[in-house]
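**Q** Sharing a structure with you now.
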Amino acid sequence: MPERRTVALVTLGCARNEVDSEELAGRLEADGWDLVEDAADADVAVVNTCGFVEAAKKDSVDALLEANDLKGHGRTQAVVAVGCMAERYGKDLAEALPEADGVLGFDDYADISDRLQTILSGGIHAAHTPRDRRKLLPISPAERQESAAGVALPGHGPAVEAAPAPTDLPEGLAPASGPRAPLRRRLDGSPVASVKLASGCDRRCSFCAIPSFRGSFISRRPSDVLNETRWLAEQGVKEIMLVSENNTSYGKDLGDIRLLESLLPELAEVDGLERVRVSYLQPAEMRPGLIDVLTSTPKVVPYFDLSFQHSAPGVLRAMRRFGDTDRFLELLDTIRGKAPEAGVRSNFIVGFPGESEADLAELERFLNGARLDAIGVFGYSDEEGTEAATYENKLDEDVVAERLARVSRLAEELVSQRAEERVGETVHVLVESVDDEGVFGRGAHQAPETDGQVLLTSGEGLSVGRMVEAKVVGTEGVDLVAEPLDGSLACSEEAGR
């Protein structure tokens with residue numbers, strides 16, 4: 001019997017990429033590949049790249065070079081690039097990085113097994129010529145669902161499988177339960193998993209290239225989202241995080257822009273699930289009904305990942321965005337009026353072309369009044385193919401760097417202050433790690449990897465995946481220190497029996 005082929009998936013970038021990797025893993029395992037964690041133990045190392053900003057692109061190239069160094073020293077025979085950077089640059093990346101034995105775009109995902117086998121056998125699969133994926137679907141959202149039949153949508157699965165899904169799938173592999181439901185294999189044992197609501201984006205922010213290589217916005221059908229969530233809960237997942245480029249647009253191509261408001265309560269009722277979290281919300285698209293559902297539905301956490309980007313009106317208009325400091329503060333007041341404990345995070349760009357000192361002061365005014373739990377700050381840099389790259393009035397790099405440092409210091413101080421405001425609060429902590437360093441988890445206001453964590457002062461008998469009620473007794477920067485409440489550990493132990 002021939003030795004089975006082995007493959008390792010190395011994932012960079014956002015939670016959307018993590019879902020794509022698990023879809024690729026599901027396809028490969030269903031086709032007879034063995035998944036291994038370490039690239040050194042794999043015949044093929046597949047690097048799922050990020051193409052968002054320069055730092056992420058550099059990390060992707062470094063990961064490809066690191067995997068390439070394994071060739072000739074162990075089992076690894078080939079290194080293949082997939083993901084956003086591979087899709088965005090295609091043959092240009094292949095020419096610039098000959099260390100990669102293959103550069104595969106989104107259109108290759110349905111045939112990933114054949115592509116890897118060709119490369120592993122010494123064959124060549126020509127890298128694609130990049131194209132604007134927004135042009136693959138109709139401009140009108142209402143016309144997209146049927147037109148998407150022949151379009152690759154990572155995280156959705158193809159509308160027509162290249163071959164029927166096997167009926168004897170390996171244990172732990174999600175079946176394709178709908179017309180665009182992908183096979184999926186979890187790549188870790190975390191009690192948290194992301195679920196894609198949609199792919200692509202219809203917004204035209206002047207600094208962002210994502211729509212050009214991720215395509216126009218298209219929603220997944222609610223039945224597919226529900227079925228995948230049920231499967232994840234059966235695998236032991238306690239919290240799902242709904243991800244896409246813009247969750248507030250979910251359903252607009254299905255004829256119901258308020259579809260998220262009806263889907264969330266259904267997801268919250270899935271057996272075994274403890275939390276539903278929604279990420280990537282556009283402030284300009286927030287609806288009163290959506291705020292109500294996010295702040296009042298049991299198991300749906302009052303968490304608001306709001307993409308503000310800036311608050312000075314002139315800068316926002318140059319970004320092709322809407323709002324201003326006072327409107328954003330009003331939105332936050334509305335949210336906290338319904339859920340005082342709500343978690344709010346956002347990202348901001350400083351040094352945008354034409355940004356004045358007055359604009360920067362306006363952003364600082366907003367940050368001081370917003371009481372955000374987590375803040376990401378980025379210095380502007382040109383992104384190829386974006387409108388902002390053509391703007392005049394670019395700021396000198398040293399000015400951008402100074403403003404980045406200045407706002408980053410303020411952000412660090414403010415999120416520490418916000419954490420201190422939570423001392424005395426009761427938090428429900430999902431335990432995510434138990435080791436010699438302690439028991440760590442996250443409260444409802446903290447998303448995975450981005451918003452800090454909670455250190456429990458006592459955790460005897462606790463295991464990963466347990467939910468613990470605790471009182472915040474201290475802080476360490478953005479992180480909280482919390483003491484489990486009387487009976488909480490006992491209840492958790494009883495639940496584990």
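In the structure tokens, chains take the letters A, B, ... in the order shown, each chain's residues start at 1, and ligands count up from 1 in the order shown.
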Could you give me the residues within region 159-347 of chain A that DSSP places in strand (DSSP E or B), as a PyMOL selection string?
**A** chain A and resi 173-174+184-185+192-196+198-199+218-219+239-243+275-278+281+300+303-306+309+343-347
**Q** If we count only C-alpha atoms, what is near Ser346 (chain A) at a cut-off of 10 Å, once residues fewer than 5 positions away on the same chain are taken out, given as a PyMOL selection string?
**A** chain A and resi 280-281+304-310+372-377
**Q** Report the residues of region 82-325 of chain A whose backbone DSSP state falls under alpha helix (DSSP H), written as a PyMOL selection string.
**A** chain A and resi 83-89+91-96+112-120+144-147+210-214+222-234+259-268+288-296+313-318+325
**Q** Residues at most 9 Å from region 417-432 of chain A, counting only C-alpha atoms, excluding those fewer than 6 positions away in the same chain, as an mmCIF file with C-alpha atoms, in the first residue's frame?
**A**
```
data_model
loop_
_atom_site.group_PDB
_atom_site.id
_atom_site.type_symbol
_atom_site.label_atom_id
_atom_site.label_comp_id
_atom_site.auth_asym_id
_atom_site.auth_seq_id
_atom_site.Cartn_x
_atom_site.Cartn_y
_atom_site.Cartn_z
ATOM 1 C CA SER A 190 -9.793 25.659 20.579
ATOM 2 C CA PRO A 191 -13.264 26.119 22.093
ATOM 3 C CA VAL A 192 -13.678 29.085 19.722
ATOM 4 C CA LYS A 238 -18.402 26.844 22.794
ATOM 5 C CA GLU A 239 -18.109 30.199 21.037
ATOM 6 C CA GLU A 274 -22.339 29.276 24.953
ATOM 7 C CA GLU A 341 -20.966 46.448 29.969
ATOM 8 C CA ARG A 371 -13.862 54.497 26.253
ATOM 9 C CA LEU A 372 -12.880 51.711 23.861
ATOM 10 C CA ASP A 373 -11.787 48.340 25.237
ATOM 11 C CA ALA A 374 -9.255 47.716 22.477
ATOM 12 C CA VAL A 439 -5.768 29.711 33.880
ATOM 13 C CA PHE A 440 -6.581 32.184 31.113
ATOM 14 C CA GLY A 441 -9.757 32.969 29.242
ATOM 15 C CA ARG A 442 -11.828 35.794 27.811
ATOM 16 C CA GLY A 443 -14.820 37.785 28.937
ATOM 17 C CA ALA A 444 -17.748 38.687 26.708
ATOM 18 C CA HIS A 445 -16.102 42.006 25.789
ATOM 19 C CA VAL A 454 -8.612 37.329 31.769
ATOM 20 C CA LEU A 456 -8.329 33.674 36.862
ATOM 21 C CA LEU A 462 -10.981 23.802 35.426
ATOM 22 C CA SER A 463 -10.390 22.718 31.849
ATOM 23 C CA VAL A 464 -10.412 24.395 28.463
ATOM 24 C CA GLY A 465 -13.936 25.160 27.275
ATOM 25 C CA ARG A 466 -15.464 25.773 30.714
ATOM 26 C CA MET A 467 -17.455 28.939 31.377
ATOM 27 C CA VAL A 468 -16.703 30.570 34.737
ATOM 28 C CA GLU A 469 -18.417 33.480 36.469
ATOM 29 C CA ALA A 470 -15.819 35.718 38.099
ATOM 30 C CA LYS A 471 -15.360 39.148 39.650
ATOM 31 C CA VAL A 472 -12.715 41.483 38.238
ATOM 32 C CA VAL A 473 -10.252 42.328 41.011
ATOM 33 C CA GLY A 474 -7.360 43.850 39.089
ATOM 34 C CA THR A 475 -5.806 44.695 35.723
ATOM 35 C CA GLU A 476 -2.543 44.270 33.852
ATOM 36 C CA GLY A 477 -2.739 46.788 31.033
ATOM 37 C CA VAL A 478 -5.654 45.712 28.840
ATOM 38 C CA ASP A 479 -5.846 42.330 30.587
ATOM 39 C CA LEU A 480 -8.071 41.617 33.588
ATOM 40 C CA VAL A 481 -7.455 39.621 36.748
ATOM 41 C CA ALA A 482 -10.624 37.969 38.059
ATOM 42 C CA LEU A 485 -17.270 33.548 42.402
#
```
**Q** Which residues, written as a count of residues only, have at least one atom at most 7 Å from Arg277 (chain A), with only C-alpha atoms counted and residues fewer than 4 positions away on the same chain left out?
**A** 6
**Q** Tell me which protein, DNA and RNA residues are within 12 Å of Arg220 (chain A), counting only C-alpha atoms, leaving out same-chain ones fewer than 3 positions away, and put them as a tab-separated table (two decimals) with N, CA and C atoms, in the first residue's frame.
**A**
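The file below, around24.tsv, is the result:
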```tsv
chain	number	residue	atom	x	y	z
A	144	ARG	N	-26.84	38.46	-7.53
A	144	ARG	CA	-25.57	37.77	-7.34
A	144	ARG	C	-25.68	36.29	-7.01
A	145	GLN	N	-26.67	35.89	-6.22
A	145	GLN	CA	-26.70	34.52	-5.73
A	145	GLN	C	-26.68	33.50	-6.87
A	148	ALA	N	-23.40	33.48	-8.94
A	148	ALA	CA	-22.20	33.02	-8.25
A	148	ALA	C	-21.89	31.56	-8.50
A	153	LEU	N	-15.66	31.29	-4.18
A	153	LEU	CA	-15.87	32.16	-3.02
A	153	LEU	C	-15.29	31.47	-1.81
A	154	PRO	N	-14.05	31.79	-1.44
A	154	PRO	CA	-13.42	31.12	-0.30
A	154	PRO	C	-14.27	31.19	0.95
A	155	GLY	N	-14.40	30.05	1.62
A	155	GLY	CA	-15.20	29.99	2.83
A	155	GLY	C	-16.64	29.60	2.55
A	156	HIS	N	-17.03	29.56	1.29
A	156	HIS	CA	-18.39	29.18	0.93
A	156	HIS	C	-18.44	27.78	0.34
A	157	GLY	N	-17.38	27.35	-0.32
A	157	GLY	CA	-17.46	26.13	-1.10
A	157	GLY	C	-18.04	26.45	-2.46
A	158	PRO	N	-17.69	25.68	-3.50
A	158	PRO	CA	-18.22	25.95	-4.83
A	158	PRO	C	-19.68	25.54	-4.92
A	159	ALA	N	-20.42	26.20	-5.79
A	159	ALA	CA	-21.84	25.87	-5.95
A	159	ALA	C	-22.00	24.47	-6.54
A	178	GLY	N	-25.03	21.84	2.10
A	178	GLY	CA	-25.84	22.77	1.32
A	178	GLY	C	-25.16	23.04	0.00
A	179	PRO	N	-25.81	23.81	-0.89
A	179	PRO	CA	-25.26	24.04	-2.23
A	179	PRO	C	-23.94	24.78	-2.24
A	180	ARG	N	-23.68	25.59	-1.20
A	180	ARG	CA	-22.39	26.28	-1.13
A	180	ARG	C	-21.74	26.06	0.22
A	181	ALA	N	-22.04	24.93	0.88
A	181	ALA	CA	-21.44	24.63	2.18
A	181	ALA	C	-20.15	23.85	1.96
A	182	PRO	N	-19.02	24.35	2.45
A	182	PRO	CA	-17.75	23.66	2.21
A	182	PRO	C	-17.52	22.50	3.17
A	195	VAL	N	-16.94	31.54	11.90
A	195	VAL	CA	-17.88	31.09	10.87
A	195	VAL	C	-18.08	32.24	9.90
A	196	LYS	N	-17.92	31.96	8.62
A	196	LYS	CA	-18.09	33.02	7.63
A	196	LYS	C	-19.56	33.30	7.36
A	197	LEU	N	-19.92	34.57	7.42
A	197	LEU	CA	-21.25	35.03	7.04
A	197	LEU	C	-21.30	35.37	5.56
A	198	ALA	N	-20.21	35.89	5.04
A	198	ALA	CA	-20.20	36.39	3.67
A	198	ALA	C	-18.76	36.52	3.22
A	199	SER	N	-18.59	36.83	1.95
A	199	SER	CA	-17.26	37.16	1.44
A	199	SER	C	-17.36	38.39	0.57
A	200	GLY	N	-16.22	39.08	0.42
A	200	GLY	CA	-16.18	40.25	-0.42
A	200	GLY	C	-16.71	41.50	0.26
A	217	PHE	N	-19.54	41.73	-2.47
A	217	PHE	CA	-20.15	41.12	-1.28
A	217	PHE	C	-21.19	40.08	-1.68
A	223	SER	N	-29.14	28.79	6.24
A	223	SER	CA	-29.13	27.35	6.53
A	223	SER	C	-27.71	26.81	6.57
A	224	ASP	N	-26.84	27.29	5.67
A	224	ASP	CA	-25.45	26.84	5.67
A	224	ASP	C	-24.72	27.32	6.93
A	225	VAL	N	-24.97	28.57	7.32
A	225	VAL	CA	-24.35	29.10	8.54
A	225	VAL	C	-24.81	28.32	9.76
A	226	LEU	N	-26.10	28.02	9.82
A	226	LEU	CA	-26.65	27.26	10.96
A	226	LEU	C	-26.10	25.85	10.99
A	227	ASN	N	-26.07	25.18	9.85
A	227	ASN	CA	-25.57	23.80	9.82
A	227	ASN	C	-24.11	23.72	10.21
A	228	GLU	N	-23.32	24.67	9.75
A	228	GLU	CA	-21.90	24.66	10.10
A	228	GLU	C	-21.72	24.94	11.60
A	242	LEU	N	-18.72	35.31	14.13
A	242	LEU	CA	-19.16	35.51	12.76
A	242	LEU	C	-18.25	36.52	12.08
A	243	VAL	N	-17.69	36.14	10.94
A	243	VAL	CA	-16.71	36.99	10.27
A	243	VAL	C	-17.09	37.18	8.80
A	244	SER	N	-16.70	38.31	8.28
A	244	SER	CA	-16.76	38.63	6.86
A	244	SER	C	-16.09	39.98	6.72
A	247	ASN	N	-20.07	42.53	8.17
A	247	ASN	CA	-21.22	41.76	8.62
A	247	ASN	C	-22.52	42.56	8.61
A	249	SER	N	-23.74	44.20	6.29
A	249	SER	CA	-24.40	44.09	4.99
A	249	SER	C	-25.01	42.71	4.76
A	250	TYR	N	-24.88	41.82	5.73
A	250	TYR	CA	-25.35	40.46	5.53
A	250	TYR	C	-26.83	40.43	5.15
A	251	GLY	N	-27.12	39.67	4.10
A	251	GLY	CA	-28.49	39.47	3.67
A	251	GLY	C	-28.97	40.38	2.57
A	252	LYS	N	-28.21	41.43	2.24
A	252	LYS	CA	-28.72	42.39	1.25
A	252	LYS	C	-28.87	41.74	-0.12
A	253	ASP	N	-28.05	40.73	-0.44
A	253	ASP	CA	-28.17	40.03	-1.71
A	253	ASP	C	-29.14	38.86	-1.62
A	254	LEU	N	-29.67	38.61	-0.43
A	254	LEU	CA	-30.70	37.59	-0.24
A	254	LEU	C	-32.08	38.23	-0.07
A	259	LEU	N	-31.39	40.42	7.83
A	259	LEU	CA	-31.33	38.97	8.03
A	259	LEU	C	-30.48	38.59	9.25
A	260	LEU	N	-29.46	39.39	9.54
A	260	LEU	CA	-28.62	39.09	10.70
A	260	LEU	C	-29.42	39.15	11.99
A	263	LEU	N	-31.15	35.84	12.22
A	263	LEU	CA	-30.25	34.70	12.30
A	263	LEU	C	-29.61	34.55	13.68
```
**Q** Near Glu387 (chain A), within 12 Å and counting only C-alpha atoms, which residues show up once chain neighbours fewer than 3 positions away are dropped, as a list of chain:residue names?
**A**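 Near Glu387 (chain A), the qualifying residues are A:Arg204, A:Cys205, A:Ser206, A:Phe207, A:Cys208, A:Ala209, A:Ser212, A:Ala318, A:Met319, A:Arg320, A:Pro353, A:Asp382, A:Glu383, A:Glu384, A:Thr390, A:Tyr391, A:Glu392.
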**Q** Based on the selection just made, write C-alpha atoms of those residues as a short mmCIF file (atom, residue, chain, number, x, y, z; two decimals), in the first residue's frame.
**A**
```cif
data_model
loop_
_atom_site.label_atom_id
_atom_site.label_comp_id
_atom_site.auth_asym_id
_atom_site.auth_seq_id
_atom_site.Cartn_x
_atom_site.Cartn_y
_atom_site.Cartn_z
CA ARG A 204 -14.94 51.58 -1.81
CA CYS A 205 -12.72 52.86 0.99
CA SER A 206 -9.93 54.72 -0.75
CA PHE A 207 -7.15 53.07 1.28
CA CYS A 208 -8.28 49.43 0.92
CA ALA A 209 -7.49 46.95 -1.86
CA SER A 212 -10.40 44.00 -5.73
CA ALA A 318 -11.09 61.38 1.78
CA MET A 319 -11.26 57.76 2.91
CA ARG A 320 -14.71 57.47 1.24
CA PRO A 353 -2.84 62.02 3.00
CA ASP A 382 0.21 53.47 0.03
CA GLU A 383 -1.50 50.28 -1.11
CA GLU A 384 -1.04 49.45 -4.78
CA THR A 390 -2.90 58.57 -6.13
CA TYR A 391 -3.64 61.35 -3.64
CA GLU A 392 -1.44 64.38 -3.30
#
```
**Q** Near Phe378 (chain A), counting only C-alpha atoms, which residues have an atom at most 12 Å away, once you skip same-chain residues fewer than 3 positions from it, shown as a list in words?
**A**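 What passes the distance filter is Val53, Glu54, Ala55, Gln309, His310, Ser346, Asn347, Phe348, Ile349, Val350, Gly351, Phe352, Ile375, Ser381, Val400, Ala401, Glu402, Arg403, Leu404, Ala405, Arg406, Val407, Ser408 and Ala411 of chain A.
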**Q** Given the choices A:Arg88, A:Arg365, A:Arg214, A:Arg345, which gets closest to Lys135 (chain A) if the distance is worked out from only C-alpha atoms?
**A** A:Arg214
**Q** Between CA of Glu23 (chain A) and CA of Ile124 (chain A), measure the distance and give it in Å to one decimal.
**A** 23.6 Å
**Q** By how many Å are CA of Asp396 (chain A) and CA of Arg317 (chain A) apart?
**A** 21.1 Å
**Q** Could you check the closest approach to Ala45 (chain A) for each of A:Arg5, A:Lys91, A:Arg287, A:Arg131 and tell me which residue wins, using only C-alpha atoms?
**A** A:Arg5
**Q** To one decimal in Å, tell me the separation between CA of Ser216 (chain A) and CA of Ala81 (chain A).
**A** 23.0 Å
